[in-house]
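Colleague: Contents of data23.cif (mmCIF, N, CA and C atoms, pLDDT in the B column; chains and numbers go by the auth columns):
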data_entry
#
loop_
_atom_site.group_PDB
_atom_site.id
_atom_site.type_symbol
_atom_site.label_atom_id
_atom_site.label_comp_id
_atom_site.label_asym_id
_atom_site.label_seq_id
_atom_site.Cartn_x
_atom_site.Cartn_y
_atom_site.Cartn_z
_atom_site.B_iso_or_equiv
_atom_site.auth_seq_id
_atom_site.auth_asym_id
ATOM 1 N N MET A 1 34.691 75.407 -58.614 43.00 1 A
ATOM 2 C CA MET A 1 35.618 76.302 -57.968 43.00 1 A
ATOM 3 C C MET A 1 34.925 77.137 -56.885 43.00 1 A
ATOM 4 N N LEU A 2 33.664 77.369 -57.006 45.00 2 A
ATOM 5 C CA LEU A 2 32.947 78.199 -56.041 45.00 2 A
ATOM 6 C C LEU A 2 33.074 77.696 -54.604 45.00 2 A
ATOM 7 N N LEU A 3 33.072 76.394 -54.424 41.00 3 A
ATOM 8 C CA LEU A 3 33.083 75.838 -53.077 41.00 3 A
ATOM 9 C C LEU A 3 34.443 75.938 -52.410 41.00 3 A
ATOM 10 N N LEU A 4 35.474 76.338 -53.146 44.00 4 A
ATOM 11 C CA LEU A 4 36.813 76.399 -52.577 44.00 4 A
ATOM 12 C C LEU A 4 37.022 77.583 -51.647 44.00 4 A
ATOM 13 N N ILE A 5 36.157 78.575 -51.673 47.00 5 A
ATOM 14 C CA ILE A 5 36.380 79.771 -50.871 47.00 5 A
ATOM 15 C C ILE A 5 35.365 79.843 -49.737 47.00 5 A
ATOM 16 N N GLY A 6 35.289 78.829 -48.942 50.00 6 A
ATOM 17 C CA GLY A 6 34.548 78.888 -47.694 50.00 6 A
ATOM 18 C C GLY A 6 33.055 78.644 -47.740 50.00 6 A
ATOM 19 N N GLY A 7 32.480 78.376 -48.889 63.00 7 A
ATOM 20 C CA GLY A 7 31.074 78.058 -48.942 63.00 7 A
ATOM 21 C C GLY A 7 30.139 79.213 -48.633 63.00 7 A
ATOM 22 N N CYS A 8 30.561 80.445 -48.881 63.00 8 A
ATOM 23 C CA CYS A 8 29.702 81.591 -48.569 63.00 8 A
ATOM 24 C C CYS A 8 28.423 81.569 -49.384 63.00 8 A
ATOM 25 N N GLU A 9 28.499 80.968 -50.590 65.00 9 A
ATOM 26 C CA GLU A 9 27.291 80.922 -51.413 65.00 9 A
ATOM 27 C C GLU A 9 26.210 80.068 -50.763 65.00 9 A
ATOM 28 N N THR A 10 26.598 79.025 -50.015 79.00 10 A
ATOM 29 C CA THR A 10 25.616 78.225 -49.286 79.00 10 A
ATOM 30 C C THR A 10 24.950 79.076 -48.213 79.00 10 A
ATOM 31 N N GLN A 11 25.756 79.832 -47.484 85.00 11 A
ATOM 32 C CA GLN A 11 25.201 80.725 -46.466 85.00 11 A
ATOM 33 C C GLN A 11 24.322 81.784 -47.108 85.00 11 A
ATOM 34 N N ALA A 12 24.715 82.263 -48.287 84.00 12 A
ATOM 35 C CA ALA A 12 23.915 83.263 -48.988 84.00 12 A
ATOM 36 C C ALA A 12 22.557 82.689 -49.398 84.00 12 A
ATOM 37 N N PHE A 13 22.536 81.413 -49.804 81.00 13 A
ATOM 38 C CA PHE A 13 21.254 80.772 -50.117 81.00 13 A
ATOM 39 C C PHE A 13 20.345 80.780 -48.894 81.00 13 A
ATOM 40 N N TYR A 14 20.898 80.443 -47.750 86.00 14 A
ATOM 41 C CA TYR A 14 20.115 80.453 -46.510 86.00 14 A
ATOM 42 C C TYR A 14 19.634 81.863 -46.175 86.00 14 A
ATOM 43 N N ASP A 15 20.498 82.850 -46.411 86.00 15 A
ATOM 44 C CA ASP A 15 20.114 84.234 -46.151 86.00 15 A
ATOM 45 C C ASP A 15 18.940 84.651 -47.039 86.00 15 A
ATOM 46 N N VAL A 16 19.005 84.293 -48.307 82.00 16 A
ATOM 47 C CA VAL A 16 17.921 84.628 -49.233 82.00 16 A
ATOM 48 C C VAL A 16 16.641 83.912 -48.809 82.00 16 A
ATOM 49 N N GLU A 17 16.797 82.641 -48.451 83.00 17 A
ATOM 50 C CA GLU A 17 15.641 81.866 -48.004 83.00 17 A
ATOM 51 C C GLU A 17 14.995 82.494 -46.765 83.00 17 A
ATOM 52 N N ALA A 18 15.820 83.060 -45.887 86.00 18 A
ATOM 53 C CA ALA A 18 15.323 83.707 -44.675 86.00 18 A
ATOM 54 C C ALA A 18 14.913 85.156 -44.928 86.00 18 A
ATOM 55 N N ASN A 19 14.949 85.562 -46.201 84.00 19 A
ATOM 56 C CA ASN A 19 14.594 86.915 -46.615 84.00 19 A
ATOM 57 C C ASN A 19 15.533 87.964 -46.008 84.00 19 A
ATOM 58 N N ASP A 20 16.783 87.593 -45.817 88.00 20 A
ATOM 59 C CA ASP A 20 17.808 88.517 -45.315 88.00 20 A
ATOM 60 C C ASP A 20 18.727 88.883 -46.472 88.00 20 A
ATOM 61 N N LEU A 21 18.182 89.663 -47.397 87.00 21 A
ATOM 62 C CA LEU A 21 18.914 90.003 -48.614 87.00 21 A
ATOM 63 C C LEU A 21 20.150 90.844 -48.328 87.00 21 A
ATOM 64 N N ALA A 22 20.099 91.694 -47.328 89.00 22 A
ATOM 65 C CA ALA A 22 21.254 92.542 -47.020 89.00 22 A
ATOM 66 C C ALA A 22 22.484 91.694 -46.680 89.00 22 A
ATOM 67 N N THR A 23 22.292 90.675 -45.848 90.00 23 A
ATOM 68 C CA THR A 23 23.400 89.801 -45.485 90.00 23 A
ATOM 69 C C THR A 23 23.852 88.983 -46.684 90.00 23 A
ATOM 70 N N ALA A 24 22.901 88.465 -47.456 89.00 24 A
ATOM 71 C CA ALA A 24 23.245 87.683 -48.653 89.00 24 A
ATOM 72 C C ALA A 24 24.051 88.535 -49.625 89.00 24 A
ATOM 73 N N GLU A 25 23.609 89.775 -49.812 89.00 25 A
ATOM 74 C CA GLU A 25 24.313 90.664 -50.741 89.00 25 A
ATOM 75 C C GLU A 25 25.737 90.931 -50.270 89.00 25 A
ATOM 76 N N LYS A 26 25.930 91.155 -48.980 91.00 26 A
ATOM 77 C CA LYS A 26 27.280 91.375 -48.444 91.00 26 A
ATOM 78 C C LYS A 26 28.162 90.160 -48.666 91.00 26 A
ATOM 79 N N ARG A 27 27.618 88.970 -48.403 91.00 27 A
ATOM 80 C CA ARG A 27 28.390 87.740 -48.594 91.00 27 A
ATOM 81 C C ARG A 27 28.798 87.567 -50.057 91.00 27 A
ATOM 82 N N ILE A 28 27.839 87.756 -50.952 91.00 28 A
ATOM 83 C CA ILE A 28 28.104 87.566 -52.377 91.00 28 A
ATOM 84 C C ILE A 28 29.087 88.612 -52.884 91.00 28 A
ATOM 85 N N GLN A 29 28.880 89.871 -52.506 92.00 29 A
ATOM 86 C CA GLN A 29 29.797 90.930 -52.938 92.00 29 A
ATOM 87 C C GLN A 29 31.213 90.673 -52.436 92.00 29 A
ATOM 88 N N ASN A 30 31.335 90.207 -51.199 93.00 30 A
ATOM 89 C CA ASN A 30 32.649 89.893 -50.653 93.00 30 A
ATOM 90 C C ASN A 30 33.303 88.757 -51.437 93.00 30 A
ATOM 91 N N HIS A 31 32.531 87.750 -51.748 92.00 31 A
ATOM 92 C CA HIS A 31 33.046 86.611 -52.501 92.00 31 A
ATOM 93 C C HIS A 31 33.495 87.059 -53.891 92.00 31 A
ATOM 94 N N ILE A 32 32.692 87.886 -54.547 92.00 32 A
ATOM 95 C CA ILE A 32 33.053 88.416 -55.865 92.00 32 A
ATOM 96 C C ILE A 32 34.353 89.210 -55.769 92.00 32 A
ATOM 97 N N SER A 33 34.487 90.018 -54.735 93.00 33 A
ATOM 98 C CA SER A 33 35.694 90.813 -54.537 93.00 33 A
ATOM 99 C C SER A 33 36.937 89.926 -54.387 93.00 33 A
ATOM 100 N N VAL A 34 36.799 88.847 -53.613 91.00 34 A
ATOM 101 C CA VAL A 34 37.918 87.911 -53.431 91.00 34 A
ATOM 102 C C VAL A 34 38.294 87.283 -54.769 91.00 34 A
ATOM 103 N N LEU A 35 37.294 86.863 -55.538 90.00 35 A
ATOM 104 C CA LEU A 35 37.564 86.256 -56.843 90.00 35 A
ATOM 105 C C LEU A 35 38.210 87.245 -57.809 90.00 35 A
ATOM 106 N N GLU A 36 37.746 88.495 -57.799 90.00 36 A
ATOM 107 C CA GLU A 36 38.338 89.509 -58.681 90.00 36 A
ATOM 108 C C GLU A 36 39.785 89.793 -58.291 90.00 36 A
ATOM 109 N N THR A 37 40.060 89.829 -57.000 90.00 37 A
ATOM 110 C CA THR A 37 41.429 90.034 -56.540 90.00 37 A
ATOM 111 C C THR A 37 42.316 88.871 -56.972 90.00 37 A
ATOM 112 N N ALA A 38 41.822 87.657 -56.799 86.00 38 A
ATOM 113 C CA ALA A 38 42.584 86.478 -57.226 86.00 38 A
ATOM 114 C C ALA A 38 42.845 86.520 -58.724 86.00 38 A
ATOM 115 N N ARG A 39 41.835 86.903 -59.485 83.00 39 A
ATOM 116 C CA ARG A 39 41.994 86.972 -60.947 83.00 39 A
ATOM 117 C C ARG A 39 43.055 87.977 -61.343 83.00 39 A
ATOM 118 N N THR A 40 43.056 89.148 -60.714 81.00 40 A
ATOM 119 C CA THR A 40 44.047 90.166 -61.077 81.00 40 A
ATOM 120 C C THR A 40 45.465 89.731 -60.702 81.00 40 A
ATOM 121 N N HIS A 41 45.591 88.911 -59.664 78.00 41 A
ATOM 122 C CA HIS A 41 46.919 88.424 -59.288 78.00 41 A
ATOM 123 C C HIS A 41 47.381 87.278 -60.173 78.00 41 A
ATOM 124 N N LEU A 42 46.445 86.528 -60.731 74.00 42 A
ATOM 125 C CA LEU A 42 46.808 85.384 -61.565 74.00 42 A
ATOM 126 C C LEU A 42 47.101 85.756 -63.007 74.00 42 A
ATOM 127 N N ILE A 43 46.420 86.747 -63.521 71.00 43 A
ATOM 128 C CA ILE A 43 46.565 87.076 -64.940 71.00 43 A
ATOM 129 C C ILE A 43 48.013 87.393 -65.326 71.00 43 A
ATOM 130 N N PRO A 44 48.733 88.266 -64.615 63.00 44 A
ATOM 131 C CA PRO A 44 50.109 88.548 -65.032 63.00 44 A
ATOM 132 C C PRO A 44 51.040 87.338 -64.880 63.00 44 A
ATOM 133 N N LYS A 45 50.713 86.427 -63.966 62.00 45 A
ATOM 134 C CA LYS A 45 51.592 85.300 -63.684 62.00 45 A
ATOM 135 C C LYS A 45 51.318 84.101 -64.583 62.00 45 A
ATOM 136 N N THR A 46 50.181 84.069 -65.241 55.00 46 A
ATOM 137 C CA THR A 46 49.841 82.902 -66.049 55.00 46 A
ATOM 138 C C THR A 46 49.379 83.300 -67.448 55.00 46 A
ATOM 139 N N PRO A 47 50.251 83.961 -68.228 56.00 47 A
ATOM 140 C CA PRO A 47 49.796 84.374 -69.558 56.00 47 A
ATOM 141 C C PRO A 47 49.490 83.197 -70.480 56.00 47 A
ATOM 142 N N ALA A 48 50.253 82.123 -70.368 54.00 48 A
ATOM 143 C CA ALA A 48 50.018 80.969 -71.241 54.00 48 A
ATOM 144 C C ALA A 48 48.906 80.076 -70.692 54.00 48 A
ATOM 145 N N ALA A 49 48.851 79.925 -69.402 53.00 49 A
ATOM 146 C CA ALA A 49 47.848 79.052 -68.781 53.00 49 A
ATOM 147 C C ALA A 49 46.695 79.902 -68.274 53.00 49 A
ATOM 148 N N SER A 50 45.771 80.224 -69.150 61.00 50 A
ATOM 149 C CA SER A 50 44.686 81.142 -68.792 61.00 50 A
ATOM 150 C C SER A 50 43.448 80.426 -68.263 61.00 50 A
ATOM 151 N N VAL A 51 43.564 79.145 -67.939 64.00 51 A
ATOM 152 C CA VAL A 51 42.404 78.389 -67.476 64.00 51 A
ATOM 153 C C VAL A 51 41.899 78.914 -66.131 64.00 51 A
ATOM 154 N N ALA A 52 42.794 79.135 -65.180 65.00 52 A
ATOM 155 C CA ALA A 52 42.366 79.607 -63.850 65.00 52 A
ATOM 156 C C ALA A 52 41.651 80.954 -63.931 65.00 52 A
ATOM 157 N N PRO A 53 42.215 81.954 -64.629 75.00 53 A
ATOM 158 C CA PRO A 53 41.485 83.227 -64.718 75.00 53 A
ATOM 159 C C PRO A 53 40.125 83.090 -65.400 75.00 53 A
ATOM 160 N N VAL A 54 40.011 82.221 -66.399 78.00 54 A
ATOM 161 C CA VAL A 54 38.732 82.024 -67.081 78.00 54 A
ATOM 162 C C VAL A 54 37.718 81.414 -66.113 78.00 54 A
ATOM 163 N N LYS A 55 38.144 80.442 -65.324 81.00 55 A
ATOM 164 C CA LYS A 55 37.234 79.837 -64.348 81.00 55 A
ATOM 165 C C LYS A 55 36.832 80.852 -63.285 81.00 55 A
ATOM 166 N N LEU A 56 37.753 81.706 -62.893 84.00 56 A
ATOM 167 C CA LEU A 56 37.411 82.747 -61.925 84.00 56 A
ATOM 168 C C LEU A 56 36.383 83.704 -62.508 84.00 56 A
ATOM 169 N N VAL A 57 36.563 84.072 -63.762 86.00 57 A
ATOM 170 C CA VAL A 57 35.603 84.955 -64.424 86.00 57 A
ATOM 171 C C VAL A 57 34.238 84.268 -64.495 86.00 57 A
ATOM 172 N N ASP A 58 34.227 82.969 -64.801 90.00 58 A
ATOM 173 C CA ASP A 58 32.960 82.232 -64.824 90.00 58 A
ATOM 174 C C ASP A 58 32.273 82.285 -63.462 90.00 58 A
ATOM 175 N N ASP A 59 33.047 82.117 -62.401 90.00 59 A
ATOM 176 C CA ASP A 59 32.483 82.165 -61.047 90.00 59 A
ATOM 177 C C ASP A 59 31.970 83.559 -60.712 90.00 59 A
ATOM 178 N N ILE A 60 32.708 84.575 -61.132 92.00 60 A
ATOM 179 C CA ILE A 60 32.283 85.959 -60.898 92.00 60 A
ATOM 180 C C ILE A 60 30.947 86.213 -61.599 92.00 60 A
ATOM 181 N N ILE A 61 30.828 85.744 -62.830 93.00 61 A
ATOM 182 C CA ILE A 61 29.576 85.913 -63.579 93.00 61 A
ATOM 183 C C ILE A 61 28.434 85.177 -62.889 93.00 61 A
ATOM 184 N N THR A 62 28.690 83.945 -62.456 93.00 62 A
ATOM 185 C CA THR A 62 27.656 83.155 -61.777 93.00 62 A
ATOM 186 C C THR A 62 27.181 83.840 -60.508 93.00 62 A
ATOM 187 N N LEU A 63 28.118 84.330 -59.703 92.00 63 A
ATOM 188 C CA LEU A 63 27.738 85.004 -58.458 92.00 63 A
ATOM 189 C C LEU A 63 27.015 86.319 -58.720 92.00 63 A
ATOM 190 N N THR A 64 27.415 87.028 -59.756 93.00 64 A
ATOM 191 C CA THR A 64 26.737 88.268 -60.112 93.00 64 A
ATOM 192 C C THR A 64 25.288 87.984 -60.517 93.00 64 A
ATOM 193 N N LYS A 65 25.089 86.901 -61.261 93.00 65 A
ATOM 194 C CA LYS A 65 23.722 86.513 -61.644 93.00 65 A
ATOM 195 C C LYS A 65 22.913 86.096 -60.420 93.00 65 A
ATOM 196 N N PHE A 66 23.545 85.350 -59.516 90.00 66 A
ATOM 197 C CA PHE A 66 22.861 84.940 -58.286 90.00 66 A
ATOM 198 C C PHE A 66 22.434 86.165 -57.490 90.00 66 A
ATOM 199 N N LEU A 67 23.316 87.150 -57.396 89.00 67 A
ATOM 200 C CA LEU A 67 22.993 88.381 -56.685 89.00 67 A
ATOM 201 C C LEU A 67 21.803 89.084 -57.335 89.00 67 A
ATOM 202 N N SER A 68 21.804 89.162 -58.647 91.00 68 A
ATOM 203 C CA SER A 68 20.706 89.798 -59.368 91.00 68 A
ATOM 204 C C SER A 68 19.392 89.053 -59.144 91.00 68 A
ATOM 205 N N LEU A 69 19.446 87.721 -59.192 89.00 69 A
ATOM 206 C CA LEU A 69 18.239 86.927 -58.948 89.00 69 A
ATOM 207 C C LEU A 69 17.714 87.129 -57.529 89.00 69 A
ATOM 208 N N ALA A 70 18.615 87.168 -56.563 83.00 70 A
ATOM 209 C CA ALA A 70 18.200 87.374 -55.170 83.00 70 A
ATOM 210 C C ALA A 70 17.545 88.746 -55.001 83.00 70 A
ATOM 211 N N GLN A 71 18.114 89.751 -55.646 83.00 71 A
ATOM 212 C CA GLN A 71 17.538 91.096 -55.555 83.00 71 A
ATOM 213 C C GLN A 71 16.165 91.136 -56.207 83.00 71 A
ATOM 214 N N ASN A 72 16.004 90.465 -57.335 86.00 72 A
ATOM 215 C CA ASN A 72 14.701 90.427 -58.005 86.00 72 A
ATOM 216 C C ASN A 72 13.683 89.638 -57.205 86.00 72 A
ATOM 217 N N LEU A 73 14.123 88.580 -56.555 79.00 73 A
ATOM 218 C CA LEU A 73 13.229 87.803 -55.703 79.00 73 A
ATOM 219 C C LEU A 73 12.685 88.686 -54.582 79.00 73 A
ATOM 220 N N ASN A 74 13.552 89.476 -54.005 64.00 74 A
ATOM 221 C CA ASN A 74 13.142 90.372 -52.929 64.00 74 A
ATOM 222 C C ASN A 74 12.115 91.394 -53.445 64.00 74 A
ATOM 223 N N LYS A 75 12.301 91.884 -54.642 73.00 75 A
ATOM 224 C CA LYS A 75 11.342 92.827 -55.217 73.00 75 A
ATOM 225 C C LYS A 75 9.994 92.149 -55.434 73.00 75 A
ATOM 226 N N GLN A 76 10.038 90.894 -55.889 63.00 76 A
ATOM 227 C CA GLN A 76 8.806 90.135 -56.107 63.00 76 A
ATOM 228 C C GLN A 76 8.053 89.941 -54.797 63.00 76 A
ATOM 229 N N ARG A 77 8.788 89.607 -53.736 58.00 77 A
ATOM 230 C CA ARG A 77 8.161 89.392 -52.435 58.00 77 A
ATOM 231 C C ARG A 77 7.523 90.673 -51.915 58.00 77 A
ATOM 232 N N GLY A 78 8.145 91.800 -52.208 56.00 78 A
ATOM 233 C CA GLY A 78 7.623 93.076 -51.745 56.00 78 A
ATOM 234 C C GLY A 78 6.346 93.483 -52.442 56.00 78 A
ATOM 235 N N ASN A 79 6.154 92.992 -53.680 55.00 79 A
ATOM 236 C CA ASN A 79 4.966 93.354 -54.440 55.00 79 A
ATOM 237 C C ASN A 79 3.767 92.479 -54.150 55.00 79 A
ATOM 238 N N CYS A 80 3.952 91.350 -53.507 51.00 80 A
ATOM 239 C CA CYS A 80 2.834 90.422 -53.262 51.00 80 A
ATOM 240 C C CYS A 80 1.976 90.864 -52.117 51.00 80 A
#
Take the structure I supplied and represent it as structure tokens, if you would.
Modeller:
Amino acid sequence: MLLLIGGCETQAFYDVEANDLATAEKRIQNHISVLETARTHLIPKTPAASVAPVKLVDDIITLTKFLSLAQNLNKQRGNC
């Protein structure tokens, strides 16, 4: 499901690789915000079919972890 919203995570990977954490963080935070908005709109409309909101939550968790890893990578680079 992550690739359905414009591929920002691919651009974020490139940003992290280029050591541009600020841009990567903005991209990831924006993507998380879009997913959270979609989830809040889907939950009231799909009480029986909760698959879409669960997948959105999974994507939100994955992106949050990616953001945390990118931030830790930047800290590691700063200490070397």
Colleague: Using the chain letters and numbering of this document, enumerate as a PDB file with N, CA and C atoms, keeping the file's coordinate frame the residues selected by the PyMOL selection byres ((chain A and resi 28) around 7).
Modeller:
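Writing done, so here's out39.pdb:
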ATOM      1  N   CYS A   8      30.561  80.445 -48.881  1.00 63.00           N
ATOM      2  CA  CYS A   8      29.702  81.591 -48.569  1.00 63.00           C
ATOM      3  C   CYS A   8      28.423  81.569 -49.384  1.00 63.00           C
ATOM      4  N   GLU A   9      28.499  80.968 -50.590  1.00 65.00           N
ATOM      5  CA  GLU A   9      27.291  80.922 -51.413  1.00 65.00           C
ATOM      6  C   GLU A   9      26.210  80.068 -50.763  1.00 65.00           C
ATOM      7  N   ALA A  12      24.715  82.263 -48.287  1.00 84.00           N
ATOM      8  CA  ALA A  12      23.915  83.263 -48.988  1.00 84.00           C
ATOM      9  C   ALA A  12      22.557  82.689 -49.398  1.00 84.00           C
ATOM     10  N   THR A  23      22.292  90.675 -45.848  1.00 90.00           N
ATOM     11  CA  THR A  23      23.400  89.801 -45.485  1.00 90.00           C
ATOM     12  C   THR A  23      23.852  88.983 -46.684  1.00 90.00           C
ATOM     13  N   ALA A  24      22.901  88.465 -47.456  1.00 89.00           N
ATOM     14  CA  ALA A  24      23.245  87.683 -48.653  1.00 89.00           C
ATOM     15  C   ALA A  24      24.051  88.535 -49.625  1.00 89.00           C
ATOM     16  N   GLU A  25      23.609  89.775 -49.812  1.00 89.00           N
ATOM     17  CA  GLU A  25      24.313  90.664 -50.741  1.00 89.00           C
ATOM     18  C   GLU A  25      25.737  90.931 -50.270  1.00 89.00           C
ATOM     19  N   LYS A  26      25.930  91.155 -48.980  1.00 91.00           N
ATOM     20  CA  LYS A  26      27.280  91.375 -48.444  1.00 91.00           C
ATOM     21  C   LYS A  26      28.162  90.160 -48.666  1.00 91.00           C
ATOM     22  N   ARG A  27      27.618  88.970 -48.403  1.00 91.00           N
ATOM     23  CA  ARG A  27      28.390  87.740 -48.594  1.00 91.00           C
ATOM     24  C   ARG A  27      28.798  87.567 -50.057  1.00 91.00           C
ATOM     25  N   GLN A  29      28.880  89.871 -52.506  1.00 92.00           N
ATOM     26  CA  GLN A  29      29.797  90.930 -52.938  1.00 92.00           C
ATOM     27  C   GLN A  29      31.213  90.673 -52.436  1.00 92.00           C
ATOM     28  N   ASN A  30      31.335  90.207 -51.199  1.00 93.00           N
ATOM     29  CA  ASN A  30      32.649  89.893 -50.653  1.00 93.00           C
ATOM     30  C   ASN A  30      33.303  88.757 -51.437  1.00 93.00           C
ATOM     31  N   HIS A  31      32.531  87.750 -51.748  1.00 92.00           N
ATOM     32  CA  HIS A  31      33.046  86.611 -52.501  1.00 92.00           C
ATOM     33  C   HIS A  31      33.495  87.059 -53.891  1.00 92.00           C
ATOM     34  N   ILE A  32      32.692  87.886 -54.547  1.00 92.00           N
ATOM     35  CA  ILE A  32      33.053  88.416 -55.865  1.00 92.00           C
ATOM     36  C   ILE A  32      34.353  89.210 -55.769  1.00 92.00           C
ATOM     37  N   SER A  33      34.487  90.018 -54.735  1.00 93.00           N
ATOM     38  CA  SER A  33      35.694  90.813 -54.537  1.00 93.00           C
ATOM     39  C   SER A  33      36.937  89.926 -54.387  1.00 93.00           C
ATOM     40  N   LEU A  63      28.118  84.330 -59.703  1.00 92.00           N
ATOM     41  CA  LEU A  63      27.738  85.004 -58.458  1.00 92.00           C
ATOM     42  C   LEU A  63      27.015  86.319 -58.720  1.00 92.00           C
ATOM     43  N   LEU A  67      23.316  87.150 -57.396  1.00 89.00           N
ATOM     44  CA  LEU A  67      22.993  88.381 -56.685  1.00 89.00           C
ATOM     45  C   LEU A  67      21.803  89.084 -57.335  1.00 89.00           C
TER      46      LEU A  67
END
Colleague: So how far away is atom CA of Lys75 of chain A from atom N of Asp20 of chain A, in Å?
Modeller: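 Result for atom N of Asp20 of chain A versus atom CA of Lys75 of chain A: 12.1 Å, one decimal.
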Colleague: Report, in Å to a single decimal, how far apart atom N of Leu73 of chain A and atom N of Asn19 of chain A are.
Modeller: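 Atom-to-atom, atom N of Asn19 of chain A and atom N of Leu73 of chain A are spaced 10.8 Å apart.
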Colleague: Padding 4 Å on each side, edges along x, y and z: where is the centre of the box around the listed atoms of segment 8-19 of chain A, and how long are its edges in Å to one decimal? Output it as JSON.
Modeller:
{"center_x": 22.6, "center_y": 83.1, "center_z": -48.0, "size_x": 24.0, "size_y": 17.7, "size_z": 14.7}
Colleague: Mind the document's chain letters and residue numbers, and return as an NGL selection string the residues of segment 24-73 of chain A that DSSP labels alpha helix (DSSP H).
Modeller: :A and (24-42 or 51-73)
Colleague: Atom C of Thr64 of chain A and atom CA of Leu35 of chain A, how far apart in Å?
Modeller: 12.9 Å
Colleague: Please evaluate the PyMOL selection byres (((chain A and resi 57 and name CA) around 12) and name CA) against the structure above and give the resulting residues as a tab-separated table (two decimals) with N, CA and C atoms, in the coordinates of the input.
Modeller:
chain	number	residue	atom	x	y	z
A	1	MET	N	34.69	75.41	-58.61
A	1	MET	CA	35.62	76.30	-57.97
A	1	MET	C	34.92	77.14	-56.88
A	2	LEU	N	33.66	77.37	-57.01
A	2	LEU	CA	32.95	78.20	-56.04
A	2	LEU	C	33.07	77.70	-54.60
A	32	ILE	N	32.69	87.89	-54.55
A	32	ILE	CA	33.05	88.42	-55.86
A	32	ILE	C	34.35	89.21	-55.77
A	33	SER	N	34.49	90.02	-54.74
A	33	SER	CA	35.69	90.81	-54.54
A	33	SER	C	36.94	89.93	-54.39
A	34	VAL	N	36.80	88.85	-53.61
A	34	VAL	CA	37.92	87.91	-53.43
A	34	VAL	C	38.29	87.28	-54.77
A	35	LEU	N	37.29	86.86	-55.54
A	35	LEU	CA	37.56	86.26	-56.84
A	35	LEU	C	38.21	87.24	-57.81
A	36	GLU	N	37.75	88.50	-57.80
A	36	GLU	CA	38.34	89.51	-58.68
A	36	GLU	C	39.78	89.79	-58.29
A	37	THR	N	40.06	89.83	-57.00
A	37	THR	CA	41.43	90.03	-56.54
A	37	THR	C	42.32	88.87	-56.97
A	38	ALA	N	41.82	87.66	-56.80
A	38	ALA	CA	42.58	86.48	-57.23
A	38	ALA	C	42.84	86.52	-58.72
A	39	ARG	N	41.84	86.90	-59.48
A	39	ARG	CA	41.99	86.97	-60.95
A	39	ARG	C	43.06	87.98	-61.34
A	40	THR	N	43.06	89.15	-60.71
A	40	THR	CA	44.05	90.17	-61.08
A	40	THR	C	45.46	89.73	-60.70
A	42	LEU	N	46.44	86.53	-60.73
A	42	LEU	CA	46.81	85.38	-61.56
A	42	LEU	C	47.10	85.76	-63.01
A	43	ILE	N	46.42	86.75	-63.52
A	43	ILE	CA	46.56	87.08	-64.94
A	43	ILE	C	48.01	87.39	-65.33
A	50	SER	N	45.77	80.22	-69.15
A	50	SER	CA	44.69	81.14	-68.79
A	50	SER	C	43.45	80.43	-68.26
A	51	VAL	N	43.56	79.14	-67.94
A	51	VAL	CA	42.40	78.39	-67.48
A	51	VAL	C	41.90	78.91	-66.13
A	52	ALA	N	42.79	79.14	-65.18
A	52	ALA	CA	42.37	79.61	-63.85
A	52	ALA	C	41.65	80.95	-63.93
A	53	PRO	N	42.22	81.95	-64.63
A	53	PRO	CA	41.48	83.23	-64.72
A	53	PRO	C	40.12	83.09	-65.40
A	54	VAL	N	40.01	82.22	-66.40
A	54	VAL	CA	38.73	82.02	-67.08
A	54	VAL	C	37.72	81.41	-66.11
A	55	LYS	N	38.14	80.44	-65.32
A	55	LYS	CA	37.23	79.84	-64.35
A	55	LYS	C	36.83	80.85	-63.28
A	56	LEU	N	37.75	81.71	-62.89
A	56	LEU	CA	37.41	82.75	-61.92
A	56	LEU	C	36.38	83.70	-62.51
A	58	ASP	N	34.23	82.97	-64.80
A	58	ASP	CA	32.96	82.23	-64.82
A	58	ASP	C	32.27	82.28	-63.46
A	59	ASP	N	33.05	82.12	-62.40
A	59	ASP	CA	32.48	82.16	-61.05
A	59	ASP	C	31.97	83.56	-60.71
A	60	ILE	N	32.71	84.58	-61.13
A	60	ILE	CA	32.28	85.96	-60.90
A	60	ILE	C	30.95	86.21	-61.60
A	61	ILE	N	30.83	85.74	-62.83
A	61	ILE	CA	29.58	85.91	-63.58
A	61	ILE	C	28.43	85.18	-62.89
A	62	THR	N	28.69	83.94	-62.46
A	62	THR	CA	27.66	83.16	-61.78
A	62	THR	C	27.18	83.84	-60.51
A	63	LEU	N	28.12	84.33	-59.70
A	63	LEU	CA	27.74	85.00	-58.46
A	63	LEU	C	27.02	86.32	-58.72
A	64	THR	N	27.42	87.03	-59.76
A	64	THR	CA	26.74	88.27	-60.11
A	64	THR	C	25.29	87.98	-60.52
